[in-house]
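Peer 1: Here's a structure for you.
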Amino acid sequence: MTLLGQSIIVTGASSGLGAHTVRLLASRGAHVVAAGRRLERLEELAAGLANQPGRVIPVRADITVEADAEALVAAAVAAFGGVDVLVNNAGSEVQGGLEQLSRADLEGMLQTNVVGVFVMLRAALGALRESRGCVVNLGSTVVGRPPHGRFGYVASKAAVEAMTRALAADLGRDGIRVNCIRPGIIPSELRGMTEDQERERFSTGLHFGRQALSDVGRGTDIAEAVAWLAGEGGRWITGAIIDVDGGLTLGLADPV
Ligand SMILES: NC(=O)c1ccc[n+]([C@@H]2O[C@H](COP(=O)([O-])OP(=O)(O)OC[C@H]3O[C@@H](n4cnc5c(N)ncnc54)[C@H](OP(=O)(O)O)[C@@H]3O)[C@@H](O)[C@H]2O)c1
């Protein structure tokens, strides 16, 4: 299955990994519905990709709202004839340990990272059954190596992994593949800084003691993995949890 002409929904496309993924998919000829709550950002992204072989349609949507999710799917069906791939990339994080994180903070993360994936999947299920399509969920390496003070986010991404495996089992007979990519540390706006500020911070070497490869991860590293899973390379892969992390999850030990 080539990416050329595929209809793909990418949530959380207004920044970071989602925007990188939209750029790469459009450059390979896939048609993309780019979703998020900040419409101006999506419009900017789409305008910058007007010359690419794939078309990009910006759609404002909150993934936790059923009507928005249904409108996203309807937009893909109307413009591109269906949904071949759903990339559940939108996510949010509030950091804090057990004594700092409020119940509202925890519920907010679970709403976006877990319920949002459910809402999107429910909305797209009919179209994915028709296309015998593919779902790519964005998890995180924090599930394998929990950092201090992030248990709420870790819990939400653990649920994404569990859902990935359970739904891969449920939907396999419909020909629908469900996989999860666990990014390592990729500079983005997730922690309240601009992507450039984050890149600057990581280039000082903060994490390199722990990561096997010494260079900073890029949004395109994740986008490439999404494209691979969505294309012919992923044809026989389902229920997989794939680390794309420069070897962060290896957990390099000090020499003893
Ligand atoms: N960067 C990393 O190091 C890293 C590592 C592991 C996992 N991840 C995961 O990768 C994914 C992308 O993260 P990122 O680093 O690119 O962060 P980001 O730049 O903050 O992007 C998150 C995106 O999610 C969207 N979003 C949040 N809540 C939403 C909602 N209710 N409805 C629709 N869209 C929503 C945001 O757009 P709007 O505000 O416009 O809605 C934004 O575009 C997330 O799932 C994140 O957990 C990232």
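Note on naming: chains are A, B, ... as they come in the structure tokens, residues start from 1 per chain, ligands start from 1 in the order shown.
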Determine, for each residue of chain A having at least one atom at most 7 Å from an atom of ligand 1, the closest pair of atoms and their separation in Å to one decimal, counting only C-alpha atoms and all ligand atoms; order by chain and ascending number, as JSON lines.
Peer 2:
```
{"residue": "A:Thr11", "atom": "CA", "partner": "ligand 1", "partner_atom_place_in_ligand_line": "34 (N)", "distance": 5.9}
{"residue": "A:Gly12", "atom": "CA", "partner": "ligand 1", "partner_atom_place_in_ligand_line": "43 (O)", "distance": 3.5}
{"residue": "A:Ala13", "atom": "CA", "partner": "ligand 1", "partner_atom_place_in_ligand_line": "43 (O)", "distance": 4.8}
{"residue": "A:Ser14", "atom": "CA", "partner": "ligand 1", "partner_atom_place_in_ligand_line": "43 (O)", "distance": 4.0}
{"residue": "A:Ser15", "atom": "CA", "partner": "ligand 1", "partner_atom_place_in_ligand_line": "43 (O)", "distance": 4.3}
{"residue": "A:Gly16", "atom": "CA", "partner": "ligand 1", "partner_atom_place_in_ligand_line": "16 (O)", "distance": 3.4}
{"residue": "A:Leu17", "atom": "CA", "partner": "ligand 1", "partner_atom_place_in_ligand_line": "16 (O)", "distance": 3.8}
{"residue": "A:Gly18", "atom": "CA", "partner": "ligand 1", "partner_atom_place_in_ligand_line": "16 (O)", "distance": 5.6}
{"residue": "A:Ala35", "atom": "CA", "partner": "ligand 1", "partner_atom_place_in_ligand_line": "33 (C)", "distance": 6.6}
{"residue": "A:Gly36", "atom": "CA", "partner": "ligand 1", "partner_atom_place_in_ligand_line": "34 (N)", "distance": 4.0}
{"residue": "A:Arg37", "atom": "CA", "partner": "ligand 1", "partner_atom_place_in_ligand_line": "41 (O)", "distance": 3.6}
{"residue": "A:Arg38", "atom": "CA", "partner": "ligand 1", "partner_atom_place_in_ligand_line": "40 (O)", "distance": 3.8}
{"residue": "A:Leu39", "atom": "CA", "partner": "ligand 1", "partner_atom_place_in_ligand_line": "40 (O)", "distance": 6.9}
{"residue": "A:Ala61", "atom": "CA", "partner": "ligand 1", "partner_atom_place_in_ligand_line": "33 (C)", "distance": 5.6}
{"residue": "A:Asp62", "atom": "CA", "partner": "ligand 1", "partner_atom_place_in_ligand_line": "32 (N)", "distance": 3.4}
{"residue": "A:Ile63", "atom": "CA", "partner": "ligand 1", "partner_atom_place_in_ligand_line": "32 (N)", "distance": 4.0}
{"residue": "A:Thr64", "atom": "CA", "partner": "ligand 1", "partner_atom_place_in_ligand_line": "31 (N)", "distance": 5.4}
{"residue": "A:Asn89", "atom": "CA", "partner": "ligand 1", "partner_atom_place_in_ligand_line": "45 (O)", "distance": 4.7}
{"residue": "A:Ala90", "atom": "CA", "partner": "ligand 1", "partner_atom_place_in_ligand_line": "24 (O)", "distance": 3.4}
{"residue": "A:Gly91", "atom": "CA", "partner": "ligand 1", "partner_atom_place_in_ligand_line": "45 (O)", "distance": 3.6}
{"residue": "A:Ser92", "atom": "CA", "partner": "ligand 1", "partner_atom_place_in_ligand_line": "27 (C)", "distance": 5.3}
{"residue": "A:Glu93", "atom": "CA", "partner": "ligand 1", "partner_atom_place_in_ligand_line": "47 (O)", "distance": 6.9}
{"residue": "A:Thr112", "atom": "CA", "partner": "ligand 1", "partner_atom_place_in_ligand_line": "31 (N)", "distance": 5.2}
{"residue": "A:Asn113", "atom": "CA", "partner": "ligand 1", "partner_atom_place_in_ligand_line": "45 (O)", "distance": 6.7}
{"residue": "A:Gly116", "atom": "CA", "partner": "ligand 1", "partner_atom_place_in_ligand_line": "31 (N)", "distance": 6.9}
{"residue": "A:Leu138", "atom": "CA", "partner": "ligand 1", "partner_atom_place_in_ligand_line": "45 (O)", "distance": 5.0}
{"residue": "A:Gly139", "atom": "CA", "partner": "ligand 1", "partner_atom_place_in_ligand_line": "7 (C)", "distance": 5.5}
{"residue": "A:Ser140", "atom": "CA", "partner": "ligand 1", "partner_atom_place_in_ligand_line": "6 (C)", "distance": 4.0}
{"residue": "A:Thr141", "atom": "CA", "partner": "ligand 1", "partner_atom_place_in_ligand_line": "6 (C)", "distance": 6.2}
{"residue": "A:Arg182", "atom": "CA", "partner": "ligand 1", "partner_atom_place_in_ligand_line": "6 (C)", "distance": 6.0}
{"residue": "A:Pro183", "atom": "CA", "partner": "ligand 1", "partner_atom_place_in_ligand_line": "6 (C)", "distance": 4.3}
{"residue": "A:Gly184", "atom": "CA", "partner": "ligand 1", "partner_atom_place_in_ligand_line": "5 (C)", "distance": 5.0}
{"residue": "A:Ile185", "atom": "CA", "partner": "ligand 1", "partner_atom_place_in_ligand_line": "3 (O)", "distance": 3.7}
{"residue": "A:Ile186", "atom": "CA", "partner": "ligand 1", "partner_atom_place_in_ligand_line": "3 (O)", "distance": 3.7}
{"residue": "A:Pro187", "atom": "CA", "partner": "ligand 1", "partner_atom_place_in_ligand_line": "1 (N)", "distance": 5.4}
{"residue": "A:Ser188", "atom": "CA", "partner": "ligand 1", "partner_atom_place_in_ligand_line": "15 (O)", "distance": 4.6}
{"residue": "A:Glu189", "atom": "CA", "partner": "ligand 1", "partner_atom_place_in_ligand_line": "19 (O)", "distance": 4.1}
{"residue": "A:Leu190", "atom": "CA", "partner": "ligand 1", "partner_atom_place_in_ligand_line": "20 (O)", "distance": 3.3}
{"residue": "A:Arg191", "atom": "CA", "partner": "ligand 1", "partner_atom_place_in_ligand_line": "20 (O)", "distance": 7.0}
```
Peer 1: Range 7-146 of chain A: which residues are alpha helix (DSSP H) by DSSP, as an MDAnalysis selection string?
Peer 2: chainID A and resid 16:27 39:48 66:80 103:110 116:131
Peer 1: Taking the DSSP assignment computed from this structure's backbone, write out as a PyMOL selection string all residues of range 76-182 of chain A that belong to strand (DSSP E or B).
Peer 2: chain A and resi 85-88+134-138+177-182
Peer 1: Selection from above, N, CA and C atoms, as a PDB file, in the first residue's frame, can you write it?
Peer 2:
```pdb
ATOM      1  N   VAL A  85      -6.150   6.119   7.064  1.00  0.00           N
ATOM      2  CA  VAL A  85      -5.264   6.116   8.242  1.00  0.00           C
ATOM      3  C   VAL A  85      -5.724   7.190   9.227  1.00  0.00           C
ATOM      4  N   LEU A  86      -5.749   6.812  10.490  1.00  0.00           N
ATOM      5  CA  LEU A  86      -6.023   7.783  11.557  1.00  0.00           C
ATOM      6  C   LEU A  86      -4.776   7.861  12.436  1.00  0.00           C
ATOM      7  N   VAL A  87      -4.193   9.047  12.531  1.00  0.00           N
ATOM      8  CA  VAL A  87      -3.024   9.232  13.398  1.00  0.00           C
ATOM      9  C   VAL A  87      -3.477   9.993  14.644  1.00  0.00           C
ATOM     10  N   ASN A  88      -3.576   9.270  15.752  1.00  0.00           N
ATOM     11  CA  ASN A  88      -3.986   9.871  17.026  1.00  0.00           C
ATOM     12  C   ASN A  88      -2.759  10.454  17.706  1.00  0.00           C
ATOM     13  N   CYS A 134      -5.866   1.779   8.946  1.00  0.00           N
ATOM     14  CA  CYS A 134      -4.755   1.668   9.896  1.00  0.00           C
ATOM     15  C   CYS A 134      -4.820   2.827  10.890  1.00  0.00           C
ATOM     16  N   VAL A 135      -4.487   2.508  12.138  1.00  0.00           N
ATOM     17  CA  VAL A 135      -4.479   3.518  13.199  1.00  0.00           C
ATOM     18  C   VAL A 135      -3.069   3.580  13.780  1.00  0.00           C
ATOM     19  N   VAL A 136      -2.555   4.794  13.929  1.00  0.00           N
ATOM     20  CA  VAL A 136      -1.266   4.969  14.612  1.00  0.00           C
ATOM     21  C   VAL A 136      -1.509   5.865  15.826  1.00  0.00           C
ATOM     22  N   ASN A 137      -1.262   5.306  17.003  1.00  0.00           N
ATOM     23  CA  ASN A 137      -1.405   6.077  18.234  1.00  0.00           C
ATOM     24  C   ASN A 137      -0.031   6.542  18.704  1.00  0.00           C
ATOM     25  N   LEU A 138       0.008   7.726  19.309  1.00  0.00           N
ATOM     26  CA  LEU A 138       1.270   8.222  19.871  1.00  0.00           C
ATOM     27  C   LEU A 138       1.295   7.962  21.370  1.00  0.00           C
ATOM     28  N   ARG A 177      -5.412  -2.337  11.214  1.00  0.00           N
ATOM     29  CA  ARG A 177      -4.196  -2.456  12.022  1.00  0.00           C
ATOM     30  C   ARG A 177      -4.147  -1.305  13.020  1.00  0.00           C
ATOM     31  N   VAL A 178      -3.710  -1.611  14.238  1.00  0.00           N
ATOM     32  CA  VAL A 178      -3.603  -0.575  15.276  1.00  0.00           C
ATOM     33  C   VAL A 178      -2.222  -0.692  15.916  1.00  0.00           C
ATOM     34  N   ASN A 179      -1.430   0.353  15.806  1.00  0.00           N
ATOM     35  CA  ASN A 179      -0.072   0.328  16.360  1.00  0.00           C
ATOM     36  C   ASN A 179       0.197   1.592  17.168  1.00  0.00           C
ATOM     37  N   CYS A 180       1.278   1.543  17.924  1.00  0.00           N
ATOM     38  CA  CYS A 180       1.623   2.680  18.785  1.00  0.00           C
ATOM     39  C   CYS A 180       3.107   2.996  18.630  1.00  0.00           C
ATOM     40  N   ILE A 181       3.397   4.273  18.412  1.00  0.00           N
ATOM     41  CA  ILE A 181       4.793   4.731  18.387  1.00  0.00           C
ATOM     42  C   ILE A 181       5.089   5.419  19.713  1.00  0.00           C
ATOM     43  N   ARG A 182       6.207   5.043  20.314  1.00  0.00           N
ATOM     44  CA  ARG A 182       6.623   5.711  21.548  1.00  0.00           C
ATOM     45  C   ARG A 182       7.811   6.620  21.236  1.00  0.00           C
TER      46      ARG A 182
END
```
Peer 1: Go through A:Leu248, A:Ala253, A:Ala227, A:Leu49 and flag the residue nearest Leu25 in chain A, using only C-alpha atoms for the distances.
Peer 2: A:Ala227
Peer 1: Do a neighbour search on Gln95 in chain A at 12 Å with only C-alpha atoms, toss out local chain neighbours closer than 3 positions, and write the hits as a list in words.
Peer 2: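 Result of the neighbour search: Ser92, Leu98, Glu99, Gln100, Leu101, Ser102, Asp105, Leu106, Gly108, Met109, Pro147, His148, Gly149, Arg150, Phe151, Gly152, Tyr153, Val154, Leu190, Arg191 and Gly192 of chain A.
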Peer 1: Using only N, CA and C atoms, please write the residues we just selected to a file, as a PDB file, in the first residue's frame.
Peer 2:
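What landed in part-v6.pdb:
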```
ATOM      1  N   SER A  92      -1.664  15.975  25.617  1.00  0.00           N
ATOM      2  CA  SER A  92      -1.334  17.084  26.502  1.00  0.00           C
ATOM      3  C   SER A  92      -0.691  16.543  27.776  1.00  0.00           C
ATOM      4  N   LEU A  98       2.508  13.385  42.986  1.00  0.00           N
ATOM      5  CA  LEU A  98       1.221  13.089  43.618  1.00  0.00           C
ATOM      6  C   LEU A  98       0.699  14.265  44.453  1.00  0.00           C
ATOM      7  N   GLU A  99       1.597  15.034  45.060  1.00  0.00           N
ATOM      8  CA  GLU A  99       1.135  16.138  45.906  1.00  0.00           C
ATOM      9  C   GLU A  99       0.889  17.434  45.140  1.00  0.00           C
ATOM     10  N   GLN A 100       1.414  17.500  43.921  1.00  0.00           N
ATOM     11  CA  GLN A 100       1.243  18.741  43.161  1.00  0.00           C
ATOM     12  C   GLN A 100       0.098  18.669  42.153  1.00  0.00           C
ATOM     13  N   LEU A 101      -0.062  17.512  41.530  1.00  0.00           N
ATOM     14  CA  LEU A 101      -1.025  17.406  40.428  1.00  0.00           C
ATOM     15  C   LEU A 101      -2.450  17.444  40.984  1.00  0.00           C
ATOM     16  N   SER A 102      -3.279  18.313  40.437  1.00  0.00           N
ATOM     17  CA  SER A 102      -4.667  18.360  40.914  1.00  0.00           C
ATOM     18  C   SER A 102      -5.490  17.294  40.188  1.00  0.00           C
ATOM     19  N   ASP A 105      -6.119  18.403  36.749  1.00  0.00           N
ATOM     20  CA  ASP A 105      -4.974  18.190  35.851  1.00  0.00           C
ATOM     21  C   ASP A 105      -4.969  16.752  35.332  1.00  0.00           C
ATOM     22  N   LEU A 106      -5.155  15.817  36.269  1.00  0.00           N
ATOM     23  CA  LEU A 106      -5.133  14.393  35.887  1.00  0.00           C
ATOM     24  C   LEU A 106      -6.279  14.075  34.930  1.00  0.00           C
ATOM     25  N   GLY A 108      -7.837  16.080  33.007  1.00  0.00           N
ATOM     26  CA  GLY A 108      -7.616  16.747  31.719  1.00  0.00           C
ATOM     27  C   GLY A 108      -6.726  15.904  30.814  1.00  0.00           C
ATOM     28  N   MET A 109      -5.638  15.370  31.393  1.00  0.00           N
ATOM     29  CA  MET A 109      -4.733  14.522  30.585  1.00  0.00           C
ATOM     30  C   MET A 109      -5.429  13.251  30.129  1.00  0.00           C
ATOM     31  N   PRO A 147       9.890   9.019  34.310  1.00  0.00           N
ATOM     32  CA  PRO A 147      10.678  10.067  34.971  1.00  0.00           C
ATOM     33  C   PRO A 147       9.944  10.534  36.228  1.00  0.00           C
ATOM     34  N   HIS A 148      10.684  11.157  37.155  1.00  0.00           N
ATOM     35  CA  HIS A 148      10.051  11.679  38.379  1.00  0.00           C
ATOM     36  C   HIS A 148       8.993  12.711  38.025  1.00  0.00           C
ATOM     37  N   GLY A 149       7.921  12.728  38.790  1.00  0.00           N
ATOM     38  CA  GLY A 149       6.954  13.826  38.741  1.00  0.00           C
ATOM     39  C   GLY A 149       6.068  13.851  37.513  1.00  0.00           C
ATOM     40  N   ARG A 150       5.880  12.728  36.854  1.00  0.00           N
ATOM     41  CA  ARG A 150       5.054  12.751  35.640  1.00  0.00           C
ATOM     42  C   ARG A 150       4.069  11.575  35.610  1.00  0.00           C
ATOM     43  N   PHE A 151       3.688  11.093  36.810  1.00  0.00           N
ATOM     44  CA  PHE A 151       2.924   9.839  36.865  1.00  0.00           C
ATOM     45  C   PHE A 151       1.586   9.920  36.113  1.00  0.00           C
ATOM     46  N   GLY A 152       0.955  11.101  36.098  1.00  0.00           N
ATOM     47  CA  GLY A 152      -0.353  11.224  35.436  1.00  0.00           C
ATOM     48  C   GLY A 152      -0.227  11.017  33.937  1.00  0.00           C
ATOM     49  N   TYR A 153       0.759  11.668  33.361  1.00  0.00           N
ATOM     50  CA  TYR A 153       1.028  11.527  31.925  1.00  0.00           C
ATOM     51  C   TYR A 153       1.436  10.090  31.610  1.00  0.00           C
ATOM     52  N   VAL A 154       2.297   9.519  32.477  1.00  0.00           N
ATOM     53  CA  VAL A 154       2.740   8.132  32.283  1.00  0.00           C
ATOM     54  C   VAL A 154       1.520   7.202  32.263  1.00  0.00           C
ATOM     55  N   LEU A 190       5.228  20.759  23.882  1.00  0.00           N
ATOM     56  CA  LEU A 190       4.455  20.021  24.890  1.00  0.00           C
ATOM     57  C   LEU A 190       4.702  20.528  26.309  1.00  0.00           C
ATOM     58  N   ARG A 191       5.948  20.937  26.586  1.00  0.00           N
ATOM     59  CA  ARG A 191       6.265  21.367  27.952  1.00  0.00           C
ATOM     60  C   ARG A 191       6.245  22.883  28.105  1.00  0.00           C
ATOM     61  N   GLY A 192       5.490  23.557  27.236  1.00  0.00           N
ATOM     62  CA  GLY A 192       5.258  24.987  27.412  1.00  0.00           C
ATOM     63  C   GLY A 192       6.356  25.885  26.878  1.00  0.00           C
TER      64      GLY A 192
END
```
Peer 1: Tell me, as a ChimeraX atom specification, which residues lie within 8 Å of Thr249 in chain A, counting only C-alpha atoms; anything in the same chain fewer than 3 positions away does not count.
Peer 2: /A:141,144-145,184,211,243,245
Peer 1: Go ahead and write the residues just picked, C-alpha atoms, as a PDB file, in the first residue's frame.
Peer 2:
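Just written: result_5.pdb:
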```
ATOM      1  CA  THR A 141       8.816   6.039  26.224  1.00  0.00           C
ATOM      2  CA  GLY A 144       8.951   2.092  30.041  1.00  0.00           C
ATOM      3  CA  ARG A 145      11.167   4.518  31.984  1.00  0.00           C
ATOM      4  CA  GLY A 184      11.691   9.494  23.036  1.00  0.00           C
ATOM      5  CA  GLN A 211      20.380   8.079  25.321  1.00  0.00           C
ATOM      6  CA  ASP A 243      10.184   2.874  20.401  1.00  0.00           C
ATOM      7  CA  ASP A 245      13.889   7.193  20.816  1.00  0.00           C
TER       8      ASP A 245
END
```
Peer 1: Quick one: distance from CA of Ala212 in chain A to CA of Val244 in chain A in Å, one decimal?
Peer 2: 11.9 Å
Peer 1: Skip Thr220 in chain A itself and residues of its chain fewer than 6 positions away, then list as a JSON list (two decimals) with C-alpha atoms, in the first residue's frame all residues within 9 Å of it, counting only C-alpha atoms.
Peer 2:
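Here's the written file result.json:
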```
[["chain", "number", "residue", "atom", "x", "y", "z"],
["A", 17, "LEU", "CA", 5.17, 16.02, 15.84],
["A", 20, "HIS", "CA", 6.02, 17.35, 11.03],
["A", 21, "THR", "CA", 3.92, 14.29, 10.20],
["A", 23, "ARG", "CA", 4.46, 17.79, 6.09],
["A", 24, "LEU", "CA", 6.06, 14.41, 5.44]]
```
